[in-house]
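This is data_36.cif. It holds mmCIF, C-alpha atoms and all ligand atoms.
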```cif
data_run
#
loop_
_atom_site.label_atom_id
_atom_site.label_comp_id
_atom_site.auth_asym_id
_atom_site.auth_seq_id
_atom_site.Cartn_x
_atom_site.Cartn_y
_atom_site.Cartn_z
CA MET A 217 62.89 111.66 0.49
CA TYR A 218 61.26 108.45 -0.59
CA LEU A 219 57.46 108.36 -0.58
CA ASP A 220 56.86 105.63 -3.15
CA ASN A 221 56.71 102.57 -0.93
CA ALA A 222 53.62 101.22 -2.67
CA SER A 223 55.87 100.73 -5.74
CA THR A 224 58.69 99.14 -3.81
CA THR A 225 59.87 99.74 -0.27
CA TRP A 226 63.02 101.75 0.29
CA PRO A 227 65.29 101.74 2.14
CA LYS A 228 65.48 98.03 2.83
CA PRO A 229 66.77 97.00 6.25
CA PRO A 230 70.60 96.75 5.92
CA GLU A 231 70.53 93.02 6.65
CA VAL A 232 68.68 92.45 3.35
CA ALA A 233 71.64 93.67 1.25
CA GLN A 234 73.97 91.78 3.57
CA ALA A 235 72.05 88.53 3.03
CA VAL A 236 72.14 88.96 -0.77
CA SER A 237 75.86 89.63 -0.64
CA ASN A 238 76.54 86.70 1.71
CA PHE A 239 74.58 84.39 -0.56
CA ILE A 240 76.57 85.38 -3.62
CA SER A 241 79.97 85.38 -1.98
CA GLY A 242 79.45 82.26 0.16
CA LEU A 243 79.62 78.68 -1.10
CA CYS A 244 76.35 78.42 -2.94
CA PRO A 245 76.00 75.41 -5.20
CA ASN A 246 72.83 75.25 -7.28
CA PRO A 247 70.19 73.99 -4.81
CA GLY A 248 69.09 70.42 -5.46
CA ARG A 249 71.39 70.14 -8.46
CA GLY A 250 75.01 69.88 -7.31
CA SER A 251 76.78 67.02 -5.58
CA CYS A 252 76.86 68.98 -2.31
CA GLY A 253 73.27 67.93 -1.56
CA PRO A 254 70.28 69.79 -0.24
CA GLY A 255 71.94 70.63 3.06
CA THR A 256 73.91 73.47 1.46
CA ILE A 257 73.49 77.14 2.28
CA ALA A 258 71.36 77.63 -0.82
CA GLY A 259 68.99 74.76 -0.11
CA ARG A 260 68.70 75.71 3.54
CA THR A 261 68.10 79.39 2.79
CA ILE A 262 65.31 78.59 0.36
CA LEU A 263 63.66 76.21 2.81
CA GLN A 264 63.92 78.77 5.62
CA CYS A 265 62.36 81.41 3.39
CA ARG A 266 59.49 79.05 2.53
CA MET A 267 59.00 78.34 6.23
CA ALA A 268 59.02 82.06 7.12
CA LEU A 269 56.41 82.73 4.42
CA ALA A 270 54.25 79.83 5.62
CA ARG A 271 54.40 81.31 9.14
CA LEU A 272 53.56 84.78 7.83
CA PHE A 273 50.44 83.44 6.10
CA SER A 274 49.52 81.01 8.92
CA CYS A 275 49.96 78.02 6.64
CA GLU A 276 51.01 74.79 8.30
CA ASP A 277 52.77 73.30 5.26
CA PRO A 278 55.75 75.27 3.85
CA LEU A 279 55.73 73.10 0.73
CA ARG A 280 52.47 74.79 -0.30
CA VAL A 281 54.47 78.01 -0.75
CA CYS A 282 55.82 78.19 -4.32
CA LEU A 283 58.43 80.85 -5.01
CA THR A 284 58.09 82.76 -8.28
CA PRO A 285 59.79 85.77 -9.89
CA GLY A 286 57.21 88.06 -8.28
CA VAL A 287 53.49 88.54 -7.85
CA THR A 288 52.86 89.21 -11.55
CA TRP A 289 54.24 85.78 -12.35
CA ALA A 290 52.22 84.27 -9.50
CA LEU A 291 48.95 85.83 -10.70
CA ASN A 292 49.61 84.80 -14.30
CA THR A 293 50.40 81.25 -13.22
CA VAL A 294 47.02 80.81 -11.58
CA ILE A 295 44.87 82.82 -14.01
CA LEU A 296 46.36 81.30 -17.18
CA GLY A 297 46.84 77.85 -15.65
CA LEU A 298 43.36 77.35 -14.20
CA VAL A 299 40.92 79.03 -16.57
CA LYS A 300 39.97 77.37 -19.87
CA PRO A 301 38.10 78.66 -22.94
CA GLY A 302 34.38 78.72 -22.13
CA ASP A 303 35.04 79.53 -18.46
CA HIS A 304 34.11 82.75 -16.70
CA ILE A 305 36.14 84.89 -14.26
CA VAL A 306 34.83 87.40 -11.72
CA THR A 307 37.07 90.22 -10.57
CA GLY A 308 36.79 93.65 -8.94
CA SER A 309 37.17 97.07 -10.53
CA MET A 310 40.23 98.13 -8.47
CA GLU A 311 42.63 95.58 -9.93
CA HIS A 312 46.19 96.11 -11.06
CA ASN A 313 47.12 95.31 -14.66
CA SER A 314 48.85 92.17 -13.42
CA VAL A 315 45.30 90.83 -12.97
CA MET A 316 43.51 92.67 -15.78
CA ARG A 317 46.03 91.90 -18.51
CA PRO A 318 46.06 88.11 -18.13
CA ILE A 319 42.24 88.23 -17.97
CA GLN A 320 42.04 90.35 -21.13
CA PHE A 321 44.52 87.98 -22.79
CA LEU A 322 42.23 85.05 -21.98
CA ALA A 323 39.18 86.99 -23.16
CA ARG A 324 40.63 86.88 -26.67
CA ARG A 325 40.71 83.10 -26.35
CA GLY A 326 37.09 82.50 -25.43
CA VAL A 327 37.05 83.26 -21.70
CA GLU A 328 34.28 85.50 -20.36
CA PHE A 329 34.73 87.84 -17.43
CA THR A 330 32.76 90.19 -15.22
CA VAL A 331 34.27 93.19 -13.48
CA VAL A 332 32.27 93.95 -10.33
CA ARG A 333 32.21 97.71 -9.83
CA CYS A 334 33.52 98.96 -6.50
CA ASP A 335 32.00 101.99 -4.73
CA ALA A 336 33.42 105.52 -4.73
CA ASN A 337 35.93 104.49 -2.04
CA GLY A 338 37.10 101.61 -4.21
CA ARG A 339 35.47 98.90 -2.08
CA LEU A 340 33.56 95.87 -3.27
CA ALA A 341 30.05 95.11 -2.03
CA PRO A 342 30.08 91.32 -1.51
CA ASP A 343 26.42 91.08 -2.64
CA ASP A 344 27.35 92.57 -6.02
CA PHE A 345 30.06 89.96 -6.24
CA ARG A 346 27.52 87.21 -5.58
CA ASP A 347 25.32 88.49 -8.41
CA ALA A 348 28.21 88.15 -10.86
CA PHE A 349 28.64 84.38 -10.48
CA ARG A 350 27.58 82.20 -13.41
CA PRO A 351 27.39 78.43 -13.73
CA ASN A 352 30.70 78.50 -15.64
CA THR A 353 32.58 80.76 -13.19
CA ALA A 354 35.95 79.07 -12.73
CA LEU A 355 37.86 81.70 -10.78
CA ALA A 356 37.39 84.83 -8.68
CA VAL A 357 40.36 87.15 -8.28
CA ILE A 358 40.61 90.33 -6.23
CA ASN A 359 43.27 92.32 -4.47
CA HIS A 360 43.43 92.62 -0.72
CA ALA A 361 44.36 96.31 -0.87
CA SER A 362 44.44 98.86 -3.67
CA ASN A 363 47.76 100.28 -4.85
CA VAL A 364 45.95 103.51 -5.80
CA ASN A 365 44.00 104.61 -2.72
CA GLY A 366 44.83 101.95 -0.10
CA ALA A 367 41.25 100.62 0.17
CA VAL A 368 41.22 97.20 1.82
CA GLN A 369 38.62 94.82 0.39
CA PRO A 370 36.21 92.69 2.41
CA VAL A 371 38.06 89.60 1.22
CA ALA A 372 36.75 87.19 3.89
CA ASP A 373 33.13 88.00 2.94
CA VAL A 374 33.83 87.62 -0.76
CA GLY A 375 35.70 84.40 0.03
CA ALA A 376 32.73 83.00 1.94
CA LEU A 377 30.50 83.60 -1.11
CA CYS A 378 33.07 81.92 -3.33
CA ARG A 379 33.19 78.92 -0.99
CA ASP A 380 29.38 78.61 -1.14
CA ARG A 381 29.52 78.53 -4.93
CA GLY A 382 32.59 76.29 -5.13
CA VAL A 383 34.51 79.02 -6.99
CA PRO A 384 38.25 79.23 -6.17
CA LEU A 385 39.35 82.64 -4.89
CA LEU A 386 42.78 84.04 -5.75
CA VAL A 387 43.84 87.06 -3.66
CA ASP A 388 46.55 89.51 -4.71
CA VAL A 389 48.18 90.58 -1.44
CA ALA A 390 50.93 92.68 -3.08
CA GLN A 391 49.95 95.77 -1.07
CA SER A 392 49.00 94.11 2.21
CA ALA A 393 51.58 91.38 2.94
CA GLY A 394 53.77 92.71 5.74
CA VAL A 395 51.32 95.42 6.85
CA ILE A 396 48.14 93.43 7.52
CA PRO A 397 48.13 90.02 9.20
CA ILE A 398 47.09 87.50 6.53
CA SER A 399 45.84 83.96 6.84
CA SER A 400 44.44 82.16 3.82
CA ALA A 401 41.97 80.38 6.14
CA ALA A 402 40.69 83.62 7.70
CA LEU A 403 40.36 85.22 4.26
CA ASN A 404 38.57 82.14 2.85
CA ALA A 405 41.15 82.33 0.06
CA ASP A 406 42.20 79.33 -2.03
CA MET A 407 45.35 80.95 -3.33
CA ILE A 408 47.37 83.95 -2.29
CA ALA A 409 49.73 85.72 -4.68
CA PHE A 410 52.39 87.81 -2.96
CA THR A 411 55.38 89.95 -3.79
CA GLY A 412 58.63 90.14 -1.86
CA HIS A 413 59.85 93.64 -2.70
CA LYS A 414 57.15 95.77 -1.14
CA ALA A 415 56.32 95.55 2.59
CA LEU A 416 58.20 92.26 3.01
CA PHE A 417 61.36 94.33 2.32
CA GLY A 418 62.90 91.75 -0.01
CA PRO A 419 64.68 92.38 -3.34
CA MET A 420 62.77 92.89 -6.57
CA ALA A 421 61.66 89.85 -8.59
CA THR A 422 60.79 87.78 -5.54
CA GLY A 423 57.34 86.55 -4.53
CA GLY A 424 55.15 83.54 -4.92
CA ILE A 425 51.87 81.68 -4.56
CA LEU A 426 50.48 80.05 -1.47
CA PHE A 427 48.01 77.23 -2.12
CA SER A 428 45.62 76.73 0.76
CA ARG A 429 44.82 73.25 2.05
CA CYS A 430 41.31 73.50 0.55
CA PHE A 431 42.58 73.83 -3.01
CA ASP A 432 44.07 71.12 -5.21
CA PRO A 433 47.06 72.69 -7.04
CA GLN A 434 46.85 69.96 -9.69
CA ARG A 435 44.00 72.01 -11.14
CA VAL A 436 46.53 74.67 -12.18
CA GLU A 437 48.75 73.94 -15.18
CA PRO A 438 52.27 75.31 -14.67
CA LEU A 439 53.12 78.39 -16.71
CA ALA A 440 56.67 77.19 -17.35
CA HIS A 441 58.30 73.77 -17.41
CA GLY A 442 61.91 72.85 -16.80
CA GLY A 443 64.52 71.42 -14.51
CA THR A 444 63.75 71.17 -10.82
CA GLY A 445 66.61 68.96 -9.64
CA SER A 446 63.95 66.37 -8.77
CA HIS A 447 62.81 63.32 -10.79
CA SER A 448 65.21 64.11 -13.63
CA GLU A 449 64.35 60.79 -15.30
CA VAL A 450 60.86 62.10 -16.12
CA GLU A 451 60.42 64.52 -19.01
CA PHE A 452 57.27 66.06 -17.55
CA GLN A 453 57.02 68.72 -14.90
CA PRO A 454 56.70 67.05 -11.46
CA ASP A 455 53.16 67.32 -10.10
CA PHE A 456 54.11 67.82 -6.44
CA LEU A 457 54.64 71.13 -4.65
CA PRO A 458 56.62 73.26 -4.76
CA ASP A 459 58.44 71.81 -7.81
CA ARG A 460 55.32 71.94 -10.01
CA PHE A 461 55.57 75.75 -10.07
CA GLU A 462 59.31 76.24 -9.60
CA PRO A 463 61.08 75.26 -12.84
CA GLY A 464 64.63 76.45 -13.38
CA THR A 465 67.35 77.61 -11.03
CA PRO A 466 65.76 79.75 -8.32
CA ASN A 467 66.62 83.36 -7.57
CA GLY A 468 68.85 82.35 -4.65
CA PRO A 469 70.25 85.82 -3.83
CA GLY A 470 66.76 87.32 -4.02
CA ILE A 471 65.30 84.62 -1.82
CA ALA A 472 68.11 85.10 0.73
CA GLY A 473 67.29 88.82 0.79
CA LEU A 474 63.58 88.08 1.12
CA LEU A 475 64.29 85.81 4.09
CA ALA A 476 66.15 88.68 5.77
CA GLY A 477 63.23 91.00 5.00
CA LEU A 478 60.77 88.50 6.50
CA GLU A 479 62.91 88.19 9.63
CA PHE A 480 62.88 91.99 9.91
CA VAL A 481 59.07 92.05 9.64
CA GLN A 482 58.82 89.33 12.25
CA ARG A 483 61.21 91.12 14.60
CA VAL A 484 59.53 94.55 14.33
CA GLY A 485 56.05 93.08 14.16
CA ILE A 486 53.28 93.67 11.63
CA ASP A 487 51.27 95.64 14.20
CA ALA A 488 54.12 98.11 14.79
CA ILE A 489 54.73 98.49 11.04
CA ARG A 490 51.03 99.06 10.41
CA GLU A 491 50.77 101.56 13.28
CA THR A 492 53.63 103.64 11.84
CA GLU A 493 52.32 103.56 8.29
CA THR A 494 48.72 104.31 9.27
CA ARG A 495 49.78 107.25 11.45
CA LEU A 496 51.90 108.75 8.65
CA ALA A 497 49.23 108.15 6.02
CA SER A 498 46.51 109.80 8.09
CA ILE A 499 48.66 112.89 8.79
CA LEU A 500 49.39 113.05 5.08
CA ALA A 501 45.77 112.60 3.96
CA ALA A 502 44.48 115.14 6.51
CA GLY A 503 47.10 117.71 5.43
CA LEU A 504 46.36 117.18 1.73
CA ARG A 505 42.63 117.67 2.32
CA GLU A 506 43.40 121.20 3.50
CA VAL A 507 45.30 122.18 0.35
CA PRO A 508 43.04 124.48 -1.72
CA GLY A 509 41.57 122.63 -4.71
CA ALA A 510 42.93 119.24 -3.60
CA GLU A 511 40.87 116.10 -3.99
CA VAL A 512 42.19 113.25 -1.88
CA PHE A 513 41.64 109.57 -2.62
CA HIS A 514 42.15 107.63 0.58
CA PRO A 515 39.04 106.28 2.31
CA GLU A 516 38.29 108.00 5.63
CA GLU A 517 36.30 104.98 6.80
CA GLY A 518 37.19 101.31 6.94
CA PRO A 519 40.58 99.63 6.74
CA VAL A 520 43.25 101.18 4.52
CA THR A 521 46.93 100.79 3.75
CA ALA A 522 49.26 103.78 3.38
CA ALA A 523 48.72 104.59 -0.33
CA VAL A 524 47.39 108.17 -0.45
CA SER A 525 46.55 109.67 -3.83
CA PHE A 526 45.41 113.17 -4.76
CA ARG A 527 45.04 115.74 -7.51
CA ILE A 528 44.68 119.51 -7.43
CA ARG A 529 42.12 121.33 -9.50
CA GLY A 530 43.71 123.18 -12.40
CA MET A 531 47.11 121.49 -12.05
CA GLU A 532 48.72 118.75 -14.10
CA ASN A 533 49.81 115.81 -11.94
CA SER A 534 53.18 115.92 -13.68
CA VAL A 535 53.69 119.52 -12.50
CA ILE A 536 52.99 118.53 -8.88
CA ALA A 537 55.28 115.51 -9.12
CA GLY A 538 57.92 117.67 -10.85
CA VAL A 539 57.97 120.26 -8.04
CA LEU A 540 58.15 117.49 -5.44
CA ALA A 541 61.06 115.78 -7.23
CA ASP A 542 63.03 118.75 -8.56
CA GLU A 543 62.67 121.20 -5.70
CA TYR A 544 62.25 118.94 -2.69
CA GLY A 545 63.87 115.68 -3.82
CA ILE A 546 60.68 113.74 -3.05
CA CYS A 547 60.04 110.49 -4.95
CA CYS A 548 56.38 109.80 -5.66
CA ARG A 549 54.39 108.21 -8.46
CA HIS A 550 51.93 110.04 -10.67
CA GLY A 551 49.70 108.78 -13.46
CA LEU A 552 47.67 105.58 -13.51
CA GLN A 553 49.87 103.40 -11.28
CA CYS A 554 49.31 100.38 -13.63
CA ALA A 555 45.65 100.32 -12.56
CA PRO A 556 43.49 102.06 -15.21
CA CYS A 557 40.47 100.09 -14.05
CA ALA A 558 40.85 101.48 -10.52
CA HIS A 559 41.07 105.01 -11.91
CA ARG A 560 37.88 104.49 -13.94
CA THR A 561 36.22 103.44 -10.69
CA LEU A 562 37.44 106.52 -8.85
CA GLY A 563 36.61 108.84 -11.77
CA THR A 564 40.26 109.76 -12.30
CA PHE A 565 40.88 108.12 -15.69
CA PRO A 566 42.76 109.01 -17.88
CA GLY A 567 44.55 111.78 -15.98
CA GLY A 568 45.35 109.66 -12.94
CA LEU A 569 46.58 110.92 -9.60
CA VAL A 570 49.72 111.76 -7.67
CA ARG A 571 50.41 109.01 -5.15
CA LEU A 572 52.42 109.44 -1.97
CA SER A 573 52.94 106.21 -0.08
CA PRO A 574 54.81 106.40 3.24
CA GLY A 575 56.58 103.35 4.58
CA TYR A 576 57.92 102.13 7.90
CA PHE A 577 61.13 104.18 7.61
CA ASN A 578 59.50 107.56 6.93
CA THR A 579 59.07 110.14 9.68
CA GLU A 580 56.42 112.70 10.59
CA ASP A 581 58.92 115.46 9.71
CA GLU A 582 59.21 114.06 6.21
CA ILE A 583 55.43 114.02 5.85
CA ARG A 584 55.31 117.66 6.97
CA THR A 585 57.96 118.56 4.38
CA ALA A 586 55.97 116.75 1.68
CA LEU A 587 52.87 118.73 2.67
CA ASP A 588 54.87 121.99 2.50
CA ALA A 589 56.02 120.97 -0.97
CA VAL A 590 52.46 120.30 -2.17
CA ARG A 591 51.22 123.60 -0.69
CA SER A 592 54.07 125.46 -2.34
CA ALA A 593 53.35 123.82 -5.72
CA GLN A 594 49.65 124.72 -5.40
CA ARG A 595 50.40 128.35 -4.49
CA ARG A 596 52.65 128.87 -7.47
CA TYR A 597 51.03 126.77 -10.20
CA GLY A 598 47.47 126.10 -9.01
C1 LIG B 601 48.08 95.33 -6.10
C2 LIG B 601 49.28 95.00 -6.95
N1 LIG B 601 49.30 93.85 -7.65
C3 LIG B 601 50.34 93.51 -8.42
C4 LIG B 601 51.45 94.32 -8.55
C5 LIG B 601 52.57 93.90 -9.44
O1 LIG B 601 53.76 93.77 -8.73
P1 LIG B 601 55.13 93.35 -9.44
O2 LIG B 601 55.36 94.37 -10.51
O3 LIG B 601 56.10 93.39 -8.34
O4 LIG B 601 54.96 91.98 -10.01
C6 LIG B 601 51.48 95.52 -7.85
C7 LIG B 601 52.62 96.45 -7.97
O5 LIG B 601 52.52 97.63 -7.75
C8 LIG B 601 50.37 95.87 -7.01
O6 LIG B 601 50.35 97.01 -6.32
#
```

So that I can check it, write out the structure of this file as structure tokens.
Ligand SMILES: Cc1ncc(COP(=O)(O)O)c(C=O)c1O
Amino acid sequence: MYLDNASTTWPKPPEVAQAVSNFISGLCPNPGRGSCGPGTIAGRTILQCRMALARLFSCEDPLRVCLTPGVTWALNTVILGLVKPGDHIVTGSMEHNSVMRPIQFLARRGVEFTVVRCDANGRLAPDDFRDAFRPNTALAVINHASNVNGAVQPVADVGALCRDRGVPLLVDVAQSAGVIPISSAALNADMIAFTGHKALFGPMATGGILFSRCFDPQRVEPLAHGGTGSHSEVEFQPDFLPDRFEPGTPNGPGIAGLLAGLEFVQRVGIDAIRETETRLASILAAGLREVPGAEVFHPEEGPVTAAVSFRIRGMENSVIAGVLADEYGICCRHGLQCAPCAHRTLGTFPGGLVRLSPGYFNTEDEIRTALDAVRSAQRRYG
């Protein structure tokens, strides 16, 4: 039983594997580089994927969607490409290491940063965010939803403050894309970094950056430079989108799979996916709260995604995860979930938590079995 969808969704809809296979076995010249021209399967697939992503994020211009090898790459591109020594960054205290590590890297090179502490539910207070701005603040970066406890941030309010101060806002939507409707305009976001392999049901190492109309992408230096199939006579990276941030041969099979995943999300509908996940997560959280000694980290108020974390007094998280895996065949994730900062906020550092994250394909029966497994582990080892 797979309950680790916050790491990566599984299973993928069958058409995702089919699309990857079709892409590899069909006639797929290198897009933009062969003599077959841009009208080939590869070129068309990539354009269709860009268009589907633009639709998903309510962006009118698909060329403002740049495809990268995932959200980590997307976040690094903006953080390292926009912020210069002497600048200041504001972020929240529930961030993933894919935000914290590039910031800490820059801190060694003369960049200052402020981490705005979230409350006990892992939510930011926009006023605290406002207080963190300085005259040299060059970037604000926050996630839309936490991968530890599912807390959804008040991004639109934070974005409005950023707009007032002229500070670009980068939003990490790794946990929300595909389960919460997202529009960069409604979020007041300048850039959105997304991943393909979670709730968009694509293959791993897919994702990208969406640059909103309000933000000039020329302000971001590319992280990598190379061939694009365009303007080959020039030995500098093209400055237009998407080529500026897409050097090298793209991950065609991955992008084909992502397109199939996006079509699945569109067909089922984000509302239906969210309804399923929210229902399963609330059954799970309510059941866990009744386990003796359990402490559950999943806000009871306000918007949440389906990441539900917990620990049980007197038990090692590894013992709980071991019983789930070895005796019940349940996949979960225990530890710090690549977000030590979030665990410091929740008071669960360094031990971390056990995270169960249902997805669209899980059932209520599976959630009941997972609860039986946790109760059984607590009875025997708690
Ligand atoms: C909120 C958040 N940001 C970033 C990432 C990094 O994703 P990836 O490893 O796919 O680049 C994750 C993955 O769990 C995440 O949950």

Quiz item: Within 6 Å of ligand LIG 601 (chain B), counting all atoms listed in the file, which protein or nucleic acid residues do you find, written as a count of residues only?
Solution: 13

Quiz item: Which residues, protein or nucleic acid, reach to within 12 Å of (39.0, 110.1, 2.6) in the file's coordinates when using all atoms listed in the file, and can you give that as a ChimeraX atom specification?
Solution: /A:336-338,365-367,497-506,510-520,523-526

Quiz item: So which one's closest to Ser392 (chain A), A:Met267, A:Val331, A:Ile486, A:Val570? Using all atoms listed in the file, please.
Solution: A:Ile486

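CA of Met316 (chain A) is positioned 16.6 Å from CA of Pro301 (chain A).
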
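Proximity of A:Ile471, A:Ala372, A:Ile319, A:Cys378 to Gly259 (chain A), computed with only C-alpha atoms, is greatest for A:Ile471.
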
Find the nearest atom pair between each residue of region 224-321 of chain A and region 418-434 of chain A for residues within 7 Å, count all atoms listed in the file, give distances in Å to one decimal, sort rows by chain and ascending number, and present the table as a Markdown table.
```
| residue | atom | partner | partner_atom | distance |
| --- | --- | --- | --- | --- |
| A:Val232 | CA | A:Gly418 | CA | 6.7 |
| A:Arg280 | CA | A:Phe427 | CA | 5.4 |
| A:Val281 | CA | A:Leu426 | CA | 4.5 |
| A:Cys282 | CA | A:Ile425 | CA | 5.3 |
| A:Leu283 | CA | A:Gly424 | CA | 4.2 |
| A:Thr284 | CA | A:Gly424 | CA | 4.5 |
| A:Pro285 | CA | A:Ala421 | CA | 4.7 |
| A:Gly286 | CA | A:Gly423 | CA | 4.0 |
| A:Val287 | CA | A:Gly423 | CA | 5.5 |
| A:Ala290 | CA | A:Gly424 | CA | 5.5 |
```

Exercise. Using all atoms listed in the file, determine which residues lie at most 8 Å from His304 (chain A), disregarding the query and same-chain residues fewer than 4 positions distant; provide the list as a list in words.
Key: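 Once the adjacent positions are removed, what remains is Val299, Val327, Glu328, Phe329, Thr330, Arg350, Asn352, Thr353, Ala354 and Leu355 of chain A.
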
Practice problem: Go ahead and compute the interatomic distance for CA of Ala393 (chain A) and CA of Ala522 (chain A), in Å to one decimal. | Solution: 12.6 Å

Self-check item: Contact residues around Phe452 (chain A) with only C-alpha atoms at 10 Å, ignoring same-chain residues under 5 positions, as a ChimeraX atom specification
Solution: /A:441-443,447,460

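Between CA of Leu416 (chain A) and CA of Thr224 (chain A) lies a distance of 9.7 Å.
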
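Proximity of A:Arg483, A:Arg490, A:Arg571, A:Arg324 to Thr521 (chain A), computed with only C-alpha atoms, is greatest for A:Arg490.
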
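Comparing A:Asn533, A:Gly568, A:Pro508, A:Asn292 by their smallest distance to Ala555 (chain A), the closest is A:Gly568 (using all atoms listed in the file).
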
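Excluding Pro342 (chain A) and any residue on its chain fewer than 5 positions from it, the residues at most 12 Å away by all atoms listed in the file are Val306, Thr307, Gly308, Val332, Arg333, Cys334, Asp335, Asp347, Ala348, Phe349, Ile358, Gln369, Pro370, Val371, Ala372, Asp373, Val374, Gly375, Ala376, Leu377 and Cys378 of chain A.
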
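Nearest to Arg266 (chain A) of all the residues A:Gly530, A:Gly563, A:Pro229, A:Pro458 is A:Pro458, based on all atoms listed in the file.
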
Quiz item: Which residue gives the smallest distance to Ile240 (chain A) among A:Gly394, A:Pro454, A:Pro318, A:Gly473, with all atoms listed in the file counted?
Solution: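 Of A:Gly394, A:Pro454, A:Pro318, A:Gly473, the one nearest Ile240 (chain A) is A:Gly473, counting all atoms listed in the file.
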
Exercise. Please write as a PyMOL selection string the list of polymer residues whose atoms come within 12 Å of (54.2, 81.7, 8.0), counting all atoms listed in the file and keeping to the coordinates of the file.
Key: chain A and resi 264-281+393-394+397-400+426+475+478-479+481-482

Quiz prompt | Residues near Gly297 (chain A), cut-off 9 Å, all atoms listed in the file, skip fewer than 6 positions along chain, as a PyMOL selection string | solution = chain A and resi 435-439

Practice problem: Identify, on the basis of all atoms listed in the file, every residue whose closest approach to region 586-588 of chain A does not exceed 12 Å; exclude the query and any residue fewer than 2 positions from it along the same chain; express the result as number ranges by chain. | Solution: A: 217-219, 496-497, 499-507, 510, 526, 536-537, 539-541, 543-548, 571-574, 578-584, 590-595

Starting from the incomplete input, reconstruct N, CA and C atoms of region 412-424 of chain A and report them as a PDB file, in the frame of the given file.
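Saved result, rebuild.pdb, follows:
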```
ATOM      1  N   GLY A 412      57.643  90.020  -2.933  1.00  0.00           N
ATOM      2  CA  GLY A 412      58.630  90.140  -1.860  1.00  0.00           C
ATOM      3  C   GLY A 412      59.169  91.540  -1.678  1.00  0.00           C
ATOM      4  N   HIS A 413      59.059  92.389  -2.739  1.00  0.00           N
ATOM      5  CA  HIS A 413      59.850  93.640  -2.700  1.00  0.00           C
ATOM      6  C   HIS A 413      59.095  94.835  -2.145  1.00  0.00           C
ATOM      7  N   LYS A 414      57.857  94.626  -1.724  1.00  0.00           N
ATOM      8  CA  LYS A 414      57.150  95.770  -1.140  1.00  0.00           C
ATOM      9  C   LYS A 414      57.302  95.668   0.383  1.00  0.00           C
ATOM     10  N   ALA A 415      56.199  95.475   1.124  1.00  0.00           N
ATOM     11  CA  ALA A 415      56.320  95.550   2.590  1.00  0.00           C
ATOM     12  C   ALA A 415      56.942  94.306   3.230  1.00  0.00           C
ATOM     13  N   LEU A 416      57.404  93.353   2.425  1.00  0.00           N
ATOM     14  CA  LEU A 416      58.200  92.260   3.010  1.00  0.00           C
ATOM     15  C   LEU A 416      59.690  92.607   2.931  1.00  0.00           C
ATOM     16  N   PHE A 417      60.005  93.751   2.331  1.00  0.00           N
ATOM     17  CA  PHE A 417      61.360  94.330   2.320  1.00  0.00           C
ATOM     18  C   PHE A 417      62.399  93.486   1.590  1.00  0.00           C
ATOM     19  N   GLY A 418      61.950  92.557   0.744  1.00  0.00           N
ATOM     20  CA  GLY A 418      62.900  91.750  -0.010  1.00  0.00           C
ATOM     21  C   GLY A 418      63.352  92.461  -1.277  1.00  0.00           C
ATOM     22  N   PRO A 419      64.263  91.827  -2.051  1.00  0.00           N
ATOM     23  CA  PRO A 419      64.680  92.380  -3.340  1.00  0.00           C
ATOM     24  C   PRO A 419      63.583  92.249  -4.384  1.00  0.00           C
ATOM     25  N   MET A 420      63.726  93.008  -5.459  1.00  0.00           N
ATOM     26  CA  MET A 420      62.770  92.890  -6.570  1.00  0.00           C
ATOM     27  C   MET A 420      62.830  91.490  -7.169  1.00  0.00           C
ATOM     28  N   ALA A 421      61.765  91.149  -7.921  1.00  0.00           N
ATOM     29  CA  ALA A 421      61.660  89.850  -8.590  1.00  0.00           C
ATOM     30  C   ALA A 421      61.678  88.683  -7.605  1.00  0.00           C
ATOM     31  N   THR A 422      61.039  88.899  -6.457  1.00  0.00           N
ATOM     32  CA  THR A 422      60.790  87.780  -5.540  1.00  0.00           C
ATOM     33  C   THR A 422      59.290  87.797  -5.215  1.00  0.00           C
ATOM     34  N   GLY A 423      58.767  86.650  -4.861  1.00  0.00           N
ATOM     35  CA  GLY A 423      57.340  86.550  -4.530  1.00  0.00           C
ATOM     36  C   GLY A 423      56.895  85.114  -4.673  1.00  0.00           C
ATOM     37  N   GLY A 424      55.596  84.917  -4.787  1.00  0.00           N
ATOM     38  CA  GLY A 424      55.150  83.540  -4.920  1.00  0.00           C
ATOM     39  C   GLY A 424      53.654  83.359  -4.784  1.00  0.00           C
TER      40      GLY A 424
END
```
